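Data first, discussion second: the structure below is written as structure tokens.
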Amino acid sequence: MKAFLRTDCNSSRRVSQLRVIVRVMVPEPNGDQRQLDRLKSIEWSRQLLEKPGDWCIIDTETTGLQPKSSRVVEISVINGSGDIVFDSLINPGVPIPQEVARIHGISDDLVVDAPSISDSWLRLQEVTQDKLILAYNSSFDRGMLFYEAIRNGLPKLKSEWDCVMVKYSAFIGIWNPRFGNYQYQKLPSAGHRSNIDCKVTLDLVHLMGDSKS
């Protein structure tokens, strides 16, 4: 690898090729390892379901896919028993692109009288305090709320996060040789509204936890 770095002066090409090298180095799991990874997802879900008061599920709808520049337009939180503990449209303070509104159905007209993220933050802190936060693709939702906090001078959520998508992908067990991990699965029957996506995510936790093997 050192020799490769000395001879290649094109940094973007070097990074791209290095990524390929890293991917090749991740071995595809055999059948026994896949079964073990599946069982880990099952056990993870069962432990959660034994203590539904210790965690919650969060989902956000946004103006785009880049957490650093996009804004939140809807947030929902359900507890481990499936009860909705927070569910609100959010006025992002910027126009919602029409192509995005067509996906989740949230337009500028719907959020014009909605609270801002700052107005909603205290309640969001209250319902997530001392709980493990789960999300489907947690890096996205966590990133969205992280940058909203920075942008608006709000205290960051202090809870730990975990990703249901990663666990569910291991449960399904389809290997992605390009990226060297289990292929990420789309959220089944996602309705592109945050409260629906929370409930579907909870259904997946139950699906894994109720599986025998």
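Identifiers for the structure tokens are assigned positionally: chains receive A, B, ... in sequence, residues are indexed from 1 per chain, and ligands are indexed from 1 in the order shown.
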
Per residue of stretch 115-163 of chain A within 10 Å of stretch 191-206 of chain A, note the shortest atom pair and the distance in Å to one decimal, counting only C-alpha atoms, and order the rows by chain and increasing residue number, as a Markdown table.
| residue | atom | partner | partner_atom | distance |
| --- | --- | --- | --- | --- |
| A:Leu134 | CA | A:Thr201 | CA | 8.8 |
| A:Ala135 | CA | A:Thr201 | CA | 7.4 |
| A:Tyr136 | CA | A:Thr201 | CA | 6.5 |

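Among the candidates A:Pro188, A:Gly80, A:Pro67, A:Pro29, the residue lying nearest to A:Ile133 is A:Gly80 (atoms considered: only C-alpha atoms).
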
>> Could you list, as JSON, numbers by chain, every residue within 12 Å of A:Leu48, counting only C-alpha atoms and ignoring same-chain residues fewer than 6 positions away?
In response: {"A": [41, 42, 54, 55, 56, 57, 79, 80, 81, 131, 132, 133, 134, 162, 164, 202, 205, 206, 208, 209, 210]}

> For A:Glu126, which of A:Arg178, A:Lys68, A:Lys158, A:Arg34 is the closest residue, counting only C-alpha atoms?
Replying inline: A:Lys158

>> Give me the residues near stretch 138-147 of chain A as a VMD selection string, where near means some atom within 9 Å (using only C-alpha atoms) and where sequence neighbours in that chain fewer than 6 positions away do not count.
In response: chain A and resid 58 to 62 65 to 72 156 to 157 161 to 165

Would you save the residues of that selection, restricted to C-alpha atoms, as a PDB file, in the first residue's frame?
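As written to disk, selection.pdb reads:
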ATOM      1  CA  ILE A  58     -37.526   7.945  16.391  1.00  0.00           C
ATOM      2  CA  ASP A  59     -38.051   8.927  12.779  1.00  0.00           C
ATOM      3  CA  THR A  60     -37.715  12.206  10.932  1.00  0.00           C
ATOM      4  CA  GLU A  61     -38.970  13.533   7.614  1.00  0.00           C
ATOM      5  CA  THR A  62     -36.793  16.204   6.061  1.00  0.00           C
ATOM      6  CA  LEU A  65     -30.920  13.752   2.276  1.00  0.00           C
ATOM      7  CA  GLN A  66     -27.922  15.729   3.547  1.00  0.00           C
ATOM      8  CA  PRO A  67     -28.079  16.147   7.347  1.00  0.00           C
ATOM      9  CA  LYS A  68     -25.657  19.068   7.305  1.00  0.00           C
ATOM     10  CA  SER A  69     -27.782  21.193   4.972  1.00  0.00           C
ATOM     11  CA  SER A  70     -31.305  19.735   5.156  1.00  0.00           C
ATOM     12  CA  ARG A  71     -34.014  20.594   7.682  1.00  0.00           C
ATOM     13  CA  VAL A  72     -36.442  18.490   9.688  1.00  0.00           C
ATOM     14  CA  LYS A 156     -27.529  17.834  21.908  1.00  0.00           C
ATOM     15  CA  LEU A 157     -29.564  14.760  22.740  1.00  0.00           C
ATOM     16  CA  TRP A 161     -28.367   5.366  19.581  1.00  0.00           C
ATOM     17  CA  ASP A 162     -28.614   2.033  17.792  1.00  0.00           C
ATOM     18  CA  CYS A 163     -29.596   1.140  14.234  1.00  0.00           C
ATOM     19  CA  VAL A 164     -32.432  -1.262  13.462  1.00  0.00           C
ATOM     20  CA  MET A 165     -31.479  -1.277   9.784  1.00  0.00           C
TER      21      MET A 165
END

>> Residues within 12 Å of A:Glu28, please, as a list in words. Count only C-alpha atoms; anything in the same chain fewer than 2 positions from it doesn't count.
In response: Arg23, Val24, Met25, Val26, Asn30, Gly31, Asp32, Gln33, Arg34, Gly173, Ile174, Trp175, Asn176, Pro177, Arg178, Phe179, Gly180, Asn181, Tyr182 and Gln183 of chain A

Could you save those same residues with C-alpha atoms as a PDB file, in the first residue's frame?
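Final file, result_4.pdb:
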ATOM      1  CA  ARG A  23     -13.636  -3.750   0.498  1.00  0.00           C
ATOM      2  CA  VAL A  24     -11.682  -6.673  -0.937  1.00  0.00           C
ATOM      3  CA  MET A  25     -10.099  -7.270   2.474  1.00  0.00           C
ATOM      4  CA  VAL A  26     -13.513  -7.937   4.096  1.00  0.00           C
ATOM      5  CA  ASN A  30     -19.730 -18.436   5.478  1.00  0.00           C
ATOM      6  CA  GLY A  31     -23.024 -20.050   6.321  1.00  0.00           C
ATOM      7  CA  ASP A  32     -22.161 -20.581   9.979  1.00  0.00           C
ATOM      8  CA  GLN A  33     -21.123 -16.953  10.429  1.00  0.00           C
ATOM      9  CA  ARG A  34     -24.265 -15.697   8.713  1.00  0.00           C
ATOM     10  CA  GLY A 173     -28.250 -12.044   5.620  1.00  0.00           C
ATOM     11  CA  ILE A 174     -27.705 -10.911   2.010  1.00  0.00           C
ATOM     12  CA  TRP A 175     -24.018 -10.075   1.602  1.00  0.00           C
ATOM     13  CA  ASN A 176     -22.890  -6.996  -0.327  1.00  0.00           C
ATOM     14  CA  PRO A 177     -19.391  -7.787  -1.657  1.00  0.00           C
ATOM     15  CA  ARG A 178     -18.895  -4.261  -2.951  1.00  0.00           C
ATOM     16  CA  PHE A 179     -19.116  -2.680   0.489  1.00  0.00           C
ATOM     17  CA  GLY A 180     -18.120  -5.671   2.567  1.00  0.00           C
ATOM     18  CA  ASN A 181     -21.225  -5.778   4.765  1.00  0.00           C
ATOM     19  CA  TYR A 182     -24.762  -7.080   4.839  1.00  0.00           C
ATOM     20  CA  GLN A 183     -26.863  -5.359   2.198  1.00  0.00           C
TER      21      GLN A 183
END

>> Using DSSP assignments from the backbone, pull out every residue in stretch 151-201 of chain A that falls under strand (DSSP E or B) and give it to me as a list in words.
In response: Trp161, Asp162, Cys163, Trp175, Asn176, Asn181 and Tyr182 of chain A

So that I have them on file, write out the residues from the current selection with N, CA and C atoms, as a compact mmCIF listing (two decimals), in the first residue's frame.
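Output (result-v7.txt):
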# COMPACT_ATOMS: atom_id res chain seq x y z
N TRP A 161 -27.57 5.75 20.75
CA TRP A 161 -28.37 5.37 19.58
C TRP A 161 -27.99 3.96 19.13
N ASP A 162 -28.91 3.30 18.46
CA ASP A 162 -28.61 2.03 17.79
C ASP A 162 -29.45 1.97 16.51
N CYS A 163 -29.00 1.14 15.56
CA CYS A 163 -29.60 1.14 14.23
C CYS A 163 -30.33 -0.17 13.95
N TRP A 175 -25.33 -10.72 1.55
CA TRP A 175 -24.02 -10.08 1.60
C TRP A 175 -23.81 -9.13 0.43
N ASN A 176 -23.22 -7.98 0.71
CA ASN A 176 -22.89 -7.00 -0.33
C ASN A 176 -21.37 -6.99 -0.50
N ASN A 181 -20.31 -5.68 3.62
CA ASN A 181 -21.23 -5.78 4.77
C ASN A 181 -22.54 -6.38 4.28
N TYR A 182 -23.45 -6.58 5.23
CA TYR A 182 -24.76 -7.08 4.84
C TYR A 182 -25.52 -5.98 4.12

>> Among stretch 1-153 of chain A, which residues does DSSP mark as alpha helix (DSSP H) when it is run on the backbone? Keep the chain and numbering as in the structure and answer as a PyMOL selection string.
In response: chain A and resi 2-7+11-24+31-50+98-104+108-111+117-128+138-152
